[in-house]
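Trainee: Got a structure for you, run.tsv, holding TSV, C-alpha atoms.
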chain	number	residue	atom	x	y	z
A	202	MET	CA	0.00	0.00	0.00
A	203	ALA	CA	1.22	3.50	-0.82
A	204	CYS	CA	0.30	4.72	2.68
A	205	GLU	CA	2.22	2.04	4.53
A	206	PRO	CA	5.62	3.73	4.77
A	207	TRP	CA	3.98	6.95	5.98
A	208	THR	CA	1.37	5.99	8.56
A	209	GLY	CA	3.99	5.33	11.24
A	210	LYS	CA	5.74	8.60	10.53
A	211	LEU	CA	2.84	11.01	10.88
A	212	ASP	CA	3.55	11.72	14.57
A	213	THR	CA	7.22	12.43	13.91
A	214	TYR	CA	6.23	14.64	10.98
A	215	PHE	CA	3.79	16.72	13.02
A	216	ASP	CA	6.31	16.93	15.86
A	217	GLY	CA	8.64	18.56	13.34
A	218	GLU	CA	11.24	15.81	13.85
A	219	LEU	CA	11.19	14.10	10.47
A	220	PRO	CA	14.33	14.73	8.38
A	221	ALA	CA	13.74	17.41	5.73
A	222	GLU	CA	13.84	15.05	2.76
A	223	GLU	CA	11.35	12.61	4.27
A	224	ALA	CA	9.14	15.51	5.40
A	225	ARG	CA	8.98	16.78	1.83
A	226	ALA	CA	8.06	13.31	0.53
A	227	LEU	CA	5.38	12.92	3.20
A	228	ASP	CA	4.11	16.40	2.35
A	229	GLU	CA	3.69	15.27	-1.21
A	230	HIS	CA	1.89	12.09	-0.10
A	231	LEU	CA	-0.49	14.02	2.17
A	232	ARG	CA	-1.56	16.23	-0.70
A	233	GLY	CA	-2.66	13.21	-2.70
A	234	CYS	CA	-3.98	10.90	0.02
A	235	ALA	CA	-7.25	11.84	1.67
A	236	THR	CA	-6.97	9.03	4.27
A	237	CYS	CA	-3.55	10.11	5.52
A	238	ALA	CA	-4.53	13.80	5.33
A	239	ALA	CA	-7.57	13.11	7.52
A	240	GLU	CA	-5.47	11.06	9.97
A	241	GLY	CA	-2.88	13.84	10.02
A	242	LEU	CA	-5.58	16.35	10.81
A	243	ARG	CA	-6.77	14.22	13.74
A	244	LYS	CA	-3.23	14.06	15.07
A	245	LEU	CA	-2.84	17.81	14.75
A	246	GLN	CA	-6.15	18.35	16.54
A	247	GLN	CA	-5.00	16.14	19.39
A	248	LYS	CA	-1.66	17.96	19.64
A	249	ARG	CA	-3.42	21.33	19.78
A	250	ALA	CA	-5.98	20.02	22.28
A	251	VAL	CA	-3.23	18.87	24.66
A	252	ARG	CA	-1.31	22.11	24.16
A	253	ASP	CA	-4.40	24.14	25.10
A	254	ALA	CA	-5.27	21.86	28.01
A	255	GLY	CA	-1.68	21.89	29.31
A	256	GLN	CA	-2.01	25.38	30.76
A	257	ARG	CA	-4.10	24.59	33.81
A	258	PHE	CA	-2.41	25.74	37.01
A	259	THR	CA	-1.38	29.26	37.92
A	260	PRO	CA	0.90	30.00	40.86
A	261	ASP	CA	-0.44	32.05	43.72
A	262	PRO	CA	1.13	35.57	43.72
A	263	ALA	CA	1.82	35.13	47.44
A	264	PHE	CA	3.87	32.05	46.63
A	265	ARG	CA	5.92	33.99	44.09
A	266	ALA	CA	6.65	36.67	46.69
A	267	ARG	CA	7.58	34.05	49.31
A	268	LEU	CA	9.87	32.28	46.88
A	269	GLN	CA	11.58	35.49	45.77
A	270	ALA	CA	12.19	36.45	49.40
A	271	SER	CA	13.49	33.00	50.22
A	272	LEU	CA	15.90	32.95	47.27
A	273	ALA	CA	17.11	36.48	48.02
A	274	ALA	CA	17.90	35.43	51.57
A	275	ARG	CA	20.29	32.75	50.38
A	276	ARG	CA	23.93	33.77	50.71
A	277	PRO	CA	27.09	31.81	49.97
A	278	SER	CA	28.78	30.59	53.14
A	279	PRO	CA	31.57	32.87	54.54
A	280	SER	CA	34.16	30.10	54.32
A	281	LEU	CA	33.50	29.79	50.60
A	282	TRP	CA	33.99	33.54	50.18
A	283	ARG	CA	37.27	33.44	52.03
A	284	ARG	CA	38.68	30.70	49.84
A	285	SER	CA	39.31	32.80	46.74
A	286	TRP	CA	37.82	35.29	44.30
A	287	LEU	CA	36.57	32.43	42.18
A	288	PRO	CA	33.16	32.20	43.90
A	289	ILE	CA	32.57	35.92	43.23
A	290	PHE	CA	33.31	35.37	39.60
A	291	VAL	CA	31.07	32.29	39.50
A	292	THR	CA	28.20	34.09	41.24
A	293	ALA	CA	28.50	37.14	39.00
A	294	THR	CA	28.59	34.93	35.91
A	295	ALA	CA	25.62	32.92	37.17
A	296	THR	CA	23.60	36.09	37.81
A	297	ALA	CA	24.47	37.50	34.40
A	298	LEU	CA	23.56	34.20	32.79
A	299	LEU	CA	20.25	34.01	34.67
A	300	ILE	CA	19.39	37.53	33.48
A	301	ALA	CA	20.41	36.67	29.93
A	302	VAL	CA	18.35	33.49	30.04
A	303	ALA	CA	15.35	35.42	31.39
A	304	VAL	CA	15.63	37.93	28.53
A	305	LEU	CA	16.05	35.18	25.96
A	306	LEU	CA	13.09	33.27	27.36
A	307	SER	CA	10.90	36.34	27.25
A	308	LEU	CA	11.87	36.91	23.61
A	309	ASN	CA	11.27	33.25	23.00
A	310	ARG	CA	7.79	33.46	24.54
A	311	ALA	CA	6.86	36.25	22.12
A	312	ARG	CA	8.19	34.13	19.25
A	313	ASN	CA	6.30	31.08	20.56
A	314	SER	CA	3.04	32.97	20.62
A	315	GLU	CA	3.68	34.04	17.02
A	316	GLN	CA	4.50	30.43	16.14
A	317	GLN	CA	1.30	29.26	17.82
A	318	LEU	CA	-0.70	31.74	15.77
A	319	MET	CA	0.95	30.52	12.58
A	320	SER	CA	0.49	26.86	13.43
A	321	GLU	CA	-3.17	27.49	14.21
A	322	LEU	CA	-3.67	29.16	10.84
A	323	VAL	CA	-1.76	26.36	9.09
A	324	ASP	CA	-4.15	23.91	10.82
A	325	GLN	CA	-7.07	25.87	9.44
A	326	HIS	CA	-5.52	25.89	5.98
A	327	VAL	CA	-4.99	22.09	6.13
A	328	ALA	CA	-8.57	21.67	7.37
A	329	THR	CA	-9.78	23.72	4.39
A	330	LEU	CA	-7.76	21.55	2.00
A	331	ALA	CA	-9.20	18.39	3.55
A	332	SER	CA	-12.77	19.70	3.64
A	333	ALA	CA	-15.38	18.55	1.16
A	334	ASN	CA	-16.91	22.05	1.32
A	335	PRO	CA	-13.92	24.34	1.65
A	336	VAL	CA	-15.80	27.60	1.07
A	337	ASP	CA	-19.13	29.06	2.20
A	338	VAL	CA	-19.36	31.53	-0.65
A	339	VAL	CA	-18.31	30.10	-3.99
A	340	SER	CA	-17.46	32.73	-6.51
A	341	THR	CA	-14.62	33.92	-8.69
A	342	ASP	CA	-16.06	37.42	-8.57
A	343	ARG	CA	-14.59	39.68	-5.91
A	344	HIS	CA	-17.73	41.82	-6.05
A	345	THR	CA	-19.70	38.81	-4.82
A	346	VAL	CA	-17.23	37.51	-2.24
A	347	LYS	CA	-16.50	40.78	-0.46
A	348	PRO	CA	-20.15	41.80	0.16
A	349	TRP	CA	-20.91	38.27	1.40
A	350	PHE	CA	-18.78	38.99	4.48
A	351	GLU	CA	-20.78	42.10	5.41
A	352	GLY	CA	-22.40	41.61	8.80
A	353	LYS	CA	-20.46	38.40	9.36
A	354	ILE	CA	-17.15	39.96	10.37
A	355	PRO	CA	-16.54	43.23	12.23
A	356	PHE	CA	-14.39	44.87	9.52
A	357	THR	CA	-14.12	45.22	5.77
A	358	PHE	CA	-11.26	44.68	3.34
A	359	ASN	CA	-10.45	45.09	-0.32
A	360	LEU	CA	-9.83	42.36	-2.83
A	361	PRO	CA	-7.45	42.80	-5.78
A	362	GLU	CA	-8.33	42.65	-9.46
A	363	LEU	CA	-6.91	39.30	-10.58
A	364	GLN	CA	-7.32	39.64	-14.32
A	365	GLY	CA	-3.98	39.10	-16.03
A	366	SER	CA	-2.57	37.27	-13.00
A	367	PRO	CA	-2.30	33.48	-12.60
A	368	PHE	CA	-4.54	33.59	-9.52
A	369	VAL	CA	-8.20	32.62	-9.39
A	370	LEU	CA	-10.48	33.48	-6.48
A	371	VAL	CA	-12.29	30.31	-5.40
A	372	GLY	CA	-14.41	31.78	-2.61
A	373	GLY	CA	-14.38	32.53	1.08
A	374	ARG	CA	-15.53	31.47	4.52
A	375	VAL	CA	-15.73	32.93	7.99
A	376	SER	CA	-12.84	31.76	10.13
A	377	TYR	CA	-12.16	32.18	13.85
A	378	LEU	CA	-8.93	33.02	15.63
A	379	SER	CA	-8.99	33.31	19.42
A	380	GLN	CA	-12.80	33.46	19.31
A	381	SER	CA	-12.71	36.45	16.92
A	382	PRO	CA	-14.27	36.16	13.49
A	383	GLY	CA	-12.21	36.89	10.41
A	384	ALA	CA	-12.15	36.13	6.70
A	385	GLU	CA	-10.51	33.19	4.99
A	386	LEU	CA	-10.24	33.64	1.24
A	387	ILE	CA	-9.24	30.77	-1.00
A	388	PHE	CA	-7.25	31.40	-4.14
A	389	ARG	CA	-6.00	28.90	-6.69
A	390	VAL	CA	-2.80	29.16	-8.68
A	391	ARG	CA	-2.30	26.27	-11.09
A	392	GLN	CA	-3.00	23.16	-8.93
A	393	HIS	CA	-2.23	24.85	-5.61
A	394	GLN	CA	-4.65	26.37	-3.16
A	395	ILE	CA	-3.68	29.37	-1.09
A	396	SER	CA	-5.55	30.59	1.99
A	397	VAL	CA	-5.55	34.27	2.85
A	398	PHE	CA	-6.61	34.99	6.43
A	399	ILE	CA	-7.64	38.48	7.46
A	400	PHE	CA	-8.19	39.26	11.13
A	401	GLN	CA	-8.27	42.32	13.32
A	402	GLU	CA	-4.78	42.96	14.67
A	403	ARG	CA	-4.53	42.38	18.42
A	404	GLY	CA	-0.97	41.51	19.35
A	405	PRO	CA	2.13	43.68	19.25
A	406	SER	CA	4.19	41.01	17.48
A	407	ASP	CA	6.24	41.78	14.42
A	408	ALA	CA	4.10	40.69	11.52
A	409	HIS	CA	6.35	41.67	8.65
A	410	GLU	CA	7.84	38.42	7.65
A	411	ALA	CA	8.07	35.52	5.29
A	412	ARG	CA	8.61	32.06	6.66
A	413	THR	CA	7.70	28.42	6.27
A	414	ALA	CA	5.57	26.46	8.73
A	415	LEU	CA	5.18	22.69	8.39
A	416	SER	CA	6.54	23.05	4.85
A	417	PHE	CA	3.90	25.62	3.90
A	418	GLU	CA	5.00	29.02	2.69
A	419	VAL	CA	3.65	31.81	4.87
A	420	ARG	CA	3.53	35.56	4.29
A	421	SER	CA	2.21	37.97	6.86
A	422	TRP	CA	1.78	41.71	7.26
A	423	ARG	CA	-0.41	44.35	8.87
A	424	HIS	CA	-2.37	47.08	7.23
A	425	ASN	CA	-4.94	49.49	8.63
A	426	GLY	CA	-5.38	47.55	11.87
A	427	LEU	CA	-5.81	44.25	10.06
A	428	ARG	CA	-3.51	41.27	10.09
A	429	TYR	CA	-3.08	39.43	6.77
A	430	VAL	CA	-1.64	35.91	6.65
A	431	VAL	CA	-1.15	34.09	3.34
A	432	ILE	CA	-0.52	30.33	3.55
A	433	GLY	CA	-0.05	27.78	0.79
A	434	ASP	CA	2.13	25.16	-0.80
A	435	ALA	CA	2.62	27.18	-4.00
A	436	SER	CA	6.06	28.57	-4.82
A	437	PRO	CA	7.50	31.41	-2.72
A	438	GLN	CA	7.28	33.65	-5.81
A	439	ASP	CA	3.55	32.93	-6.16
A	440	LEU	CA	2.95	33.81	-2.51
A	441	ASP	CA	4.97	37.00	-2.87
A	442	ARG	CA	3.03	37.99	-5.96
A	443	LEU	CA	-0.39	37.34	-4.41
A	444	SER	CA	0.72	39.23	-1.29
A	445	GLU	CA	1.75	42.21	-3.42
A	446	LEU	CA	-1.64	42.20	-5.18
A	447	LEU	CA	-3.45	42.12	-1.83
A	448	LYS	CA	-1.26	44.90	-0.43
A	449	ALA	CA	-1.90	47.04	-3.50
A	450	ALA	CA	-5.67	46.51	-3.12
A	451	GLY	CA	-5.63	47.17	0.64
B	192	MET	CA	12.79	33.78	38.11
B	193	PRO	CA	12.99	32.32	34.64
B	194	LEU	CA	10.24	29.88	33.67
B	195	PHE	CA	8.48	30.35	37.03
B	196	GLU	CA	4.90	30.03	35.81
B	197	ARG	CA	5.57	27.14	33.46
B	198	LEU	CA	7.61	25.26	36.04
B	199	TYR	CA	4.80	25.71	38.54
B	200	ASN	CA	2.22	24.47	36.04
B	201	PHE	CA	4.35	21.40	35.27
B	202	ALA	CA	4.99	20.77	38.99
B	203	HIS	CA	1.25	20.94	39.73
B	204	TRP	CA	0.52	18.50	36.92
B	205	LEU	CA	3.10	16.10	38.36
B	206	THR	CA	2.09	16.36	42.00
B	207	GLN	CA	-1.63	17.04	41.45
B	208	ASP	CA	-1.51	19.17	44.59
B	209	ARG	CA	-0.96	22.91	45.08
B	210	GLU	CA	1.12	22.75	48.24
B	211	GLU	CA	3.32	19.97	46.96
B	212	ALA	CA	3.78	21.85	43.68
B	213	GLU	CA	4.91	24.95	45.59
B	214	ASP	CA	7.40	22.91	47.62
B	215	LEU	CA	8.67	21.27	44.47
B	216	VAL	CA	9.19	24.58	42.65
B	217	GLN	CA	10.89	26.12	45.69
B	218	GLU	CA	13.28	23.19	45.99
B	219	THR	CA	13.96	23.27	42.26
B	220	TYR	CA	15.04	26.93	42.31
B	221	ALA	CA	17.11	26.39	45.44
B	222	LYS	CA	18.91	23.46	43.81
B	223	ALA	CA	19.30	25.37	40.54
B	224	LEU	CA	20.94	28.33	42.29
B	225	LYS	CA	23.15	26.09	44.36
B	226	GLY	CA	24.22	24.05	41.38
B	227	PHE	CA	24.35	26.82	38.80
B	228	ALA	CA	28.11	26.43	38.47
B	229	SER	CA	27.43	22.96	37.07
B	230	PHE	CA	25.29	24.40	34.29
B	231	GLN	CA	27.25	24.44	31.06
B	232	PRO	CA	26.68	27.72	29.21
B	233	GLY	CA	25.60	26.95	25.68
B	234	THR	CA	23.67	23.86	26.73
B	235	ASN	CA	19.92	23.81	27.16
B	236	PHE	CA	18.89	25.77	30.26
B	237	ARG	CA	15.25	24.76	30.03
B	238	ALA	CA	16.02	21.04	29.85
B	239	TRP	CA	18.47	21.48	32.75
B	240	ILE	CA	15.98	23.13	35.12
B	241	TYR	CA	13.13	20.79	34.16
B	242	GLN	CA	15.46	17.90	34.82
B	243	ILE	CA	16.14	19.26	38.32
B	244	LEU	CA	12.41	19.65	38.94
B	245	ARG	CA	11.62	16.17	37.73
B	246	ASN	CA	14.44	14.51	39.67
B	247	THR	CA	13.30	16.35	42.78
B	248	PHE	CA	9.76	15.12	42.17
B	249	LEU	CA	10.92	11.54	41.72
B	250	THR	CA	12.58	11.56	45.12
B	251	SER	CA	9.57	13.15	46.83
B	252	HIS	CA	6.93	11.13	48.64
B	253	THR	CA	4.39	11.57	45.84
B	254	GLY	CA	6.99	10.90	43.17
B	255	LEU	CA	8.15	7.72	44.89
B	256	LYS	CA	4.54	6.58	45.13
B	257	ALA	CA	3.92	7.33	41.45
B	258	THR	CA	7.06	5.51	40.33
B	259	ALA	CA	6.36	2.58	42.65
B	260	MET	CA	3.06	2.10	40.86
B	261	VAL	CA	4.59	2.54	37.41
B	262	PRO	CA	8.29	1.65	37.10
B	263	LEU	CA	9.87	4.45	35.12
B	264	GLU	CA	12.92	3.07	33.48
B	265	PRO	CA	12.68	-0.57	32.60
B	266	GLU	CA	14.72	-2.48	30.08
B	267	SER	CA	11.82	-2.25	27.74
B	268	ASP	CA	9.03	0.27	28.09
B	269	ARG	CA	6.59	-2.20	26.67
B	270	GLU	CA	6.78	-4.46	29.69
B	271	SER	CA	6.32	-1.99	32.48
B	272	LEU	CA	4.17	0.87	31.29
B	273	PRO	CA	0.46	0.14	31.34
B	274	ALA	CA	-0.84	-1.42	28.17
B	275	VAL	CA	-2.99	0.77	25.97
B	276	LYS	CA	-6.07	-0.53	24.27
B	277	ASP	CA	-6.36	-0.72	20.56
B	278	THR	CA	-8.42	2.41	20.17
B	279	PRO	CA	-9.49	3.28	16.64
B	280	GLU	CA	-7.36	6.10	15.33
B	281	SER	CA	-10.50	7.84	14.21
B	282	ILE	CA	-11.31	9.29	17.64
B	283	LEU	CA	-11.23	13.02	17.18
B	284	ILE	CA	-10.20	15.09	20.15
B	285	GLN	CA	-11.46	18.62	19.73
B	286	ARG	CA	-9.67	21.65	21.08
B	287	SER	CA	-12.96	22.70	22.59
B	288	ASP	CA	-12.90	19.59	24.84
B	289	GLN	CA	-10.40	21.34	27.11
B	290	GLN	CA	-11.89	20.16	30.41
B	291	LEU	CA	-12.22	16.63	29.10
B	292	VAL	CA	-8.60	16.58	27.94
B	293	GLN	CA	-7.42	17.99	31.28
B	294	GLU	CA	-9.38	15.32	33.11
B	295	ALA	CA	-7.90	12.64	30.85
B	296	LEU	CA	-4.35	13.99	31.30
B	297	GLY	CA	-4.82	13.92	35.06
B	298	ARG	CA	-5.80	10.26	34.93
B	299	LEU	CA	-2.81	9.14	32.86
B	300	PRO	CA	0.15	7.45	34.53
B	301	ALA	CA	2.79	10.07	35.40
B	302	PRO	CA	5.29	8.97	32.67
B	303	TYR	CA	2.64	9.42	29.96
B	304	ARG	CA	1.40	12.69	31.42
B	305	GLU	CA	4.83	14.28	31.66
B	306	MET	CA	5.75	13.05	28.17
B	307	LEU	CA	2.66	14.66	26.61
B	308	LEU	CA	3.15	17.90	28.52
B	309	LEU	CA	6.81	18.22	27.58
B	310	CYS	CA	6.14	17.49	23.92
B	311	GLU	CA	2.83	19.22	23.26
B	312	PHE	CA	2.64	21.97	25.85
B	313	GLU	CA	6.30	22.81	26.41
B	314	GLU	CA	6.97	22.06	22.73
B	315	MET	CA	10.30	20.46	23.56
B	316	SER	CA	12.20	18.64	20.83
B	317	TYR	CA	12.81	14.90	21.18
B	318	GLN	CA	16.39	15.76	22.10
B	319	GLU	CA	15.31	18.12	24.88
B	320	ILE	CA	12.86	15.55	26.24
B	321	SER	CA	15.58	12.92	26.08
B	322	THR	CA	17.87	15.18	28.13
B	323	THR	CA	15.16	16.16	30.61
B	324	LEU	CA	13.97	12.61	31.27
B	325	ALA	CA	17.42	11.03	30.81
B	326	ILE	CA	16.12	8.43	28.39
B	327	PRO	CA	17.21	7.57	24.82
B	328	ILE	CA	15.44	9.30	21.93
B	329	GLY	CA	14.03	5.94	20.77
B	330	THR	CA	12.30	5.57	24.13
B	331	VAL	CA	10.99	9.14	23.86
B	332	MET	CA	9.36	8.27	20.54
B	333	SER	CA	7.84	4.96	21.64
B	334	ARG	CA	6.60	6.32	24.96
B	335	LEU	CA	5.15	9.38	23.26
B	336	SER	CA	3.30	7.22	20.80
B	337	ARG	CA	1.79	5.11	23.59
B	338	ALA	CA	1.02	8.18	25.67
B	339	ARG	CA	-1.01	9.59	22.78
B	340	ARG	CA	-2.94	6.38	22.40
B	341	ALA	CA	-3.50	6.19	26.15
B	342	LEU	CA	-4.90	9.71	26.05
B	343	ARG	CA	-7.32	8.77	23.29
B	344	ASP	CA	-8.38	5.68	25.32
B	345	THR	CA	-8.98	7.79	28.40
B	346	VAL	CA	-10.88	10.47	26.50
B	347	GLN	CA	-13.05	7.75	25.01
B	348	GLU	CA	-13.69	6.26	28.45
B	349	LEU	CA	-14.63	9.65	29.84
B	350	GLN	CA	-16.94	10.31	26.92
B	351	GLY	CA	-18.63	7.01	27.65
B	352	ASP	CA	-19.14	7.84	31.36
Output the structure of this file as structure tokens.
Mentor:
Amino acid sequence: MACEPWTGKLDTYFDGELPAEEARALDEHLRGCATCAAEGLRKLQQKRAVRDAGQRFTPDPAFRARLQASLAARRPSPSLWRRSWLPIFVTATATALLIAVAVLLSLNRARNSEQQLMSELVDQHVATLASANPVDVVSTDRHTVKPWFEGKIPFTFNLPELQGSPFVLVGGRVSYLSQSPGAELIFRVRQHQISVFIFQERGPSDAHEARTALSFEVRSWRHNGLRYVVIGDASPQDLDRLSELLKAAG
Amino acid sequence: MPLFERLYNFAHWLTQDREEAEDLVQETYAKALKGFASFQPGTNFRAWIYQILRNTFLTSHTGLKATAMVPLEPESDRESLPAVKDTPESILIQRSDQQLVQEALGRLPAPYREMLLLCEFEEMSYQEISTTLAIPIGTVMSRLSRARRALRDTVQELQGD
């Protein structure tokens, strides 16, 4: 069976631990195999469910204060201080390292939240690909798709004229991110589908970037208080071009 | 205090008790400060401090009880960790089932619970988990796979209740 070599590797793939070459081959297989794509989606759902459920317990502020006081009260023993200057150096280095680690971790947290956002949108894009009814409004006409969103989402946006470009508007659907409604627009370029997500901007994170997530190309930017995220398996050039068209229309 | 909130969350999941979690976190920071000279700059700080927390847990009363019920490091995981049923892969766990998933996680044996939390919630790589739990990467992968199936089993049981 064509699926056999892949079924046992889906977990490793979604954990981001499969070697790049195998990940690309599995990517390819997932695009053509509805059974594995559906199984992959279930695995992703479970991963996300555990990630969300994992944050359950919050420390009591009084405990934090107690702990800080207790740690501050700790001092190296006098005999150790007398031995040499080495402990001073070690303590200073340790303090500097702890501060550096704290700064790095705080930067990392911001990056993680951005990564979580991207992975959630990639999930939604994969779900759209796997869905039998990927769009709620089916139309290649931007003058049909845009008004369809009126009253369904709390903002409006502009769609580009696609004539003369390789892109075709397939339709749109209402999507949700952190319980807020937004627009998901589906475009086709050759055999590839691209999702364009538009949400109201909430976070302060740097949205001007191009990246890949789970082998999908991703483009993201902000404009007029809206966050745009373009996700697809088309070429980077195609994503750049569609992004430029959307920016020009915005 | 780097990682304070996440360490506390992990400690509470392990101990299943607020006071014990507080003691565990306090001891972890005390040990980390005391042993900071042994931390190799350039190596993984997060794995290092989680390893301290987990080792401290394993030697605590609750940790000893948990490991007495489920031997942690056997020659082969298959023999000692609880068997998981052959649940159909088709069970779909929704993100909206947060309470259900939390309940299921709480019911899992500690080795499965910590494995899922480190991989899915802490988003550690297999290498980081291997360092934190002091087990080979192959064991990380097999235990993770069984932990995921055990979670599906437990969710299914809870749905049937």
Trainee: Please determine the contact residues of chain A with respect to chain B at a cut-off of 6 Å, counting only C-alpha atoms, and supply them as a short mmCIF file (atom, residue, chain, number, x, y, z; two decimals) with C-alpha atoms, in the coordinates of the input.
Mentor:
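Listed below is the output, out-v6.cif:
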data_model
loop_
_atom_site.label_atom_id
_atom_site.label_comp_id
_atom_site.auth_asym_id
_atom_site.auth_seq_id
_atom_site.Cartn_x
_atom_site.Cartn_y
_atom_site.Cartn_z
CA ARG A 243 -6.77 14.22 13.74
CA GLN A 247 -5.00 16.14 19.39
CA LYS A 248 -1.66 17.96 19.64
CA ALA A 250 -5.98 20.02 22.28
CA ARG A 252 -1.31 22.11 24.16
CA ALA A 254 -5.27 21.86 28.01
CA GLY A 255 -1.68 21.89 29.31
CA PHE A 258 -2.41 25.74 37.01
CA ALA A 303 15.35 35.42 31.39
#
Trainee: If we count only C-alpha atoms, what is near Arg245 (chain B) at a cut-off of 8 Å, once residues fewer than 3 positions away on the same chain are taken out, given as a list in words?
Mentor: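 Here the answer would be Tyr241, Gln242, Phe248, Leu249, Thr323 and Leu324 of chain B.
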Trainee: Take the residues just selected and output them with C-alpha atoms as a compact mmCIF listing (two decimals), keeping the file's coordinate frame.
Mentor:
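Below is the file that was written, selection.txt:
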# COMPACT_ATOMS: atom_id res chain seq x y z
CA TYR B 241 13.13 20.79 34.16
CA GLN B 242 15.46 17.90 34.82
CA PHE B 248 9.76 15.12 42.17
CA LEU B 249 10.92 11.54 41.72
CA THR B 323 15.16 16.16 30.61
CA LEU B 324 13.97 12.61 31.27
Trainee: For a test of reading the model, state the distance in Å between CA of Leu211 (chain A) and CA of Gln325 (chain A), rounded to one decimal.
Mentor: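 Those two atoms sit 17.9 Å apart.
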Trainee: By how many Å are CA of Glu205 (chain A) and CA of Val327 (chain A) apart?
Mentor: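 Taking CA of Glu205 (chain A) as the start and CA of Val327 (chain A) as the end point, the length is 21.4 Å.
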Trainee: Go through A:Ala384, A:Cys204, A:Leu298, A:Leu440 and flag the residue nearest Glu240 (chain A), using all atoms listed in the file for the distances.
Mentor: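 Looking only at the distances to Glu240 (chain A), the closest residue turns out to be A:Cys204.
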Trainee: Between CA of Ser251 (chain B) and CA of Thr206 (chain B), measure the distance and give it in Å to one decimal.
Mentor: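 CA of Thr206 (chain B) lies 9.5 Å from CA of Ser251 (chain B).
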Trainee: For Ile399 (chain A), which residue out of A:Ala449, A:Leu322, A:Ala263, A:Ala328 is the nearest one, using only C-alpha atoms?
Mentor: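 The shortest atom-to-atom distance to Ile399 (chain A) comes from A:Leu322.
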Trainee: Between A:Ala331, A:Leu318, A:Val251, A:Val369, single out the one closest to Ser421 (chain A), counting only C-alpha atoms.
Mentor: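 For Ser421 (chain A), the nearest of the candidates is A:Leu318.
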Trainee: Please write out, as JSON, where the centre of an axis-aligned box around all listed atoms of region 374-390 of chain A lies and how long its edges are, in Å to one decimal, after adding 6 Å on each side.
Mentor:
{"center_x": -9.3, "center_y": 32.9, "center_z": 5.4, "size_x": 24.9, "size_y": 20.0, "size_z": 40.1}
Trainee: Between A:Leu330, A:Val346, A:Ala235, A:Val323, which one has atoms that come closest to Arg249 (chain A), using only C-alpha atoms?
Mentor: A:Val323
Trainee: Is it possible to get the residues within 12 Å of (-19.8, 38.6, 2.1) (coordinates as in the file, counting all atoms listed in the file) written as a PDB file with C-alpha atoms, in the frame of the given file?
Mentor:
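This is the output file out.pdb:
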ATOM      1  CA  VAL A 336     -15.800  27.600   1.070  1.00  0.00           C
ATOM      2  CA  ASP A 337     -19.130  29.060   2.200  1.00  0.00           C
ATOM      3  CA  VAL A 338     -19.360  31.530  -0.650  1.00  0.00           C
ATOM      4  CA  VAL A 339     -18.310  30.100  -3.990  1.00  0.00           C
ATOM      5  CA  SER A 340     -17.460  32.730  -6.510  1.00  0.00           C
ATOM      6  CA  ASP A 342     -16.060  37.420  -8.570  1.00  0.00           C
ATOM      7  CA  ARG A 343     -14.590  39.680  -5.910  1.00  0.00           C
ATOM      8  CA  HIS A 344     -17.730  41.820  -6.050  1.00  0.00           C
ATOM      9  CA  THR A 345     -19.700  38.810  -4.820  1.00  0.00           C
ATOM     10  CA  VAL A 346     -17.230  37.510  -2.240  1.00  0.00           C
ATOM     11  CA  LYS A 347     -16.500  40.780  -0.460  1.00  0.00           C
ATOM     12  CA  PRO A 348     -20.150  41.800   0.160  1.00  0.00           C
ATOM     13  CA  TRP A 349     -20.910  38.270   1.400  1.00  0.00           C
ATOM     14  CA  PHE A 350     -18.780  38.990   4.480  1.00  0.00           C
ATOM     15  CA  GLU A 351     -20.780  42.100   5.410  1.00  0.00           C
ATOM     16  CA  GLY A 352     -22.400  41.610   8.800  1.00  0.00           C
ATOM     17  CA  LYS A 353     -20.460  38.400   9.360  1.00  0.00           C
ATOM     18  CA  ILE A 354     -17.150  39.960  10.370  1.00  0.00           C
ATOM     19  CA  PRO A 355     -16.540  43.230  12.230  1.00  0.00           C
ATOM     20  CA  PHE A 356     -14.390  44.870   9.520  1.00  0.00           C
ATOM     21  CA  THR A 357     -14.120  45.220   5.770  1.00  0.00           C
ATOM     22  CA  PHE A 358     -11.260  44.680   3.340  1.00  0.00           C
ATOM     23  CA  ASN A 359     -10.450  45.090  -0.320  1.00  0.00           C
ATOM     24  CA  LEU A 360      -9.830  42.360  -2.830  1.00  0.00           C
ATOM     25  CA  GLY A 372     -14.410  31.780  -2.610  1.00  0.00           C
ATOM     26  CA  GLY A 373     -14.380  32.530   1.080  1.00  0.00           C
ATOM     27  CA  ARG A 374     -15.530  31.470   4.520  1.00  0.00           C
ATOM     28  CA  VAL A 375     -15.730  32.930   7.990  1.00  0.00           C
ATOM     29  CA  GLY A 383     -12.210  36.890  10.410  1.00  0.00           C
ATOM     30  CA  ALA A 384     -12.150  36.130   6.700  1.00  0.00           C
ATOM     31  CA  GLU A 385     -10.510  33.190   4.990  1.00  0.00           C
ATOM     32  CA  LEU A 386     -10.240  33.640   1.240  1.00  0.00           C
TER      33      LEU A 386
END
Trainee: Of the candidates A:Ala274, A:Leu447, A:Ala203, A:Val430, which one gets nearest to Met319 (chain A) if we count all atoms listed in the file?
Mentor: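 Of all the options, A:Val430 lies closest to Met319 (chain A).
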